[in-house]
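Working notes, structure below.
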Amino acid sequence: MEYNTQKTQLHMPEYGRIIQQLVERCKELSSKEEKNEMAMAIIDFMGQRNPQLRDEENYKHKLWDHLFILANYDLDVDSPYPFPTKEELAEKPKKMEYPKLQGDFKFYGKSILQLIEKAIELENGDEKEALIEVIANNMKKSYNVYNKEHVTDDVIFRHLKELSENRLDLTGIESLEKSKIYYTTNNRNNNKNSSNNNNKNQNQTNKRRHNNNHKNRK
């Protein structure tokens with residue numbers, strides 16, 4: 001009986017011993033043309049054995065990389081992609097940077113930072129002022145949801161100023177309720193509610209007239 005420990009080491013166990021043996025056979029072929037043909041067949045076989053890879057981006061590229069690893073970085077074939085070196089694959093990924101929003105400001109989210117950067121890039125004018133007010137209103141909503149308590153506008157203004165490194169300042173506005181964005185939204189809602197109420201009253205009037213006319217006919 002031959003134990004697995006006595007067999008050739010599997011460089012990628014998830015592909016199994018059959019594919020490993022096919023790769024070893026490919027390396028032993030004499031002509032480059034035969035190697036290329038067999039390498040293509042192995043790639044197709046690897047894709048069939050691991051269909052989940054097809055859901056990943058550039059899965060063909062990944063299969064060719066895996067083929068080269070299975071060959072222990074020693075395979076003379078014409079690949080449509082450059083083969084990685086052993087050193088490149090052994091290189092540790094770069095340390096991920098922590099997001100800027102931490103501590104007291106983490107509940108605002110990354111999207112707020114992106115909006116702040118966008119507002120800073122805009123030239124002074126109505127568009128920039130409107131965006132700043134939108135940012136402040138969303139910051140206030142996020143603060144209230146996360147902390148489950150009311151926050152005054154001056155706190156939001158102070159946080160916005162700090163997050164923008166003093167480049168966005170709303171101290172000229174007495175409160176968010178007096179900002180353009182607030183009045184625009186509320187006027188639209190009030191007009192909509194007024195229109196709905198008018199339609200409702202008109203329907204009720206028409207209904208009463210219809211009932212009165214019906215009684216008169218009797």
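Ordered as shown in the structure tokens, chains take letters A, B, and onward, while each chain numbers its residues from 1 and ligands are numbered from 1 in the order shown.
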Which residues are close to Lys60 in chain A, i.e. within 10 Å by only C-alpha atoms, leaving aside same-chain residues fewer than 4 positions away? Reply as an MDAnalysis selection string. chainID A and resid 43:44 47 53:54 56 64:66 80:81
Between A:Leu10, A:Phe107, A:Glu174, A:Asp126, which has the minimum distance to Lys141 in chain A (counting only C-alpha atoms)?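 Using only C-alpha atoms, Lys141 in chain A sits closest to A:Phe107.
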Residues at most 10 Å from range 27-40 of chain A, counting only C-alpha atoms, excluding those fewer than 2 positions away in the same chain, as a list in words?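 Here the answer would be Gln21, Leu22, Val23, Glu24, Arg25, Ile42, Ile43, Asp44, Phe45, Met46, Trp64, Leu67, Phe68, Ala71, Asp74, Leu75, Asp76, Val77, Asp78 and Ser79 of chain A.
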Point-to-point distance in Å for CA of Leu170 in chain A and CA of Phe157 in chain A: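 Distance between the two atoms: 5.8 Å.
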Quick one: of A:Asn137, A:Asn58, A:Ser142, A:Ser111, who's nearest to Glu177 in chain A, counting only C-alpha atoms? A:Asn137
For CA of Tyr15 in chain A and CA of Lys62 in chain A, the interatomic separation in Å (one decimal):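 One can read the CA of Tyr15 in chain A to CA of Lys62 in chain A distance as 13.2 Å.
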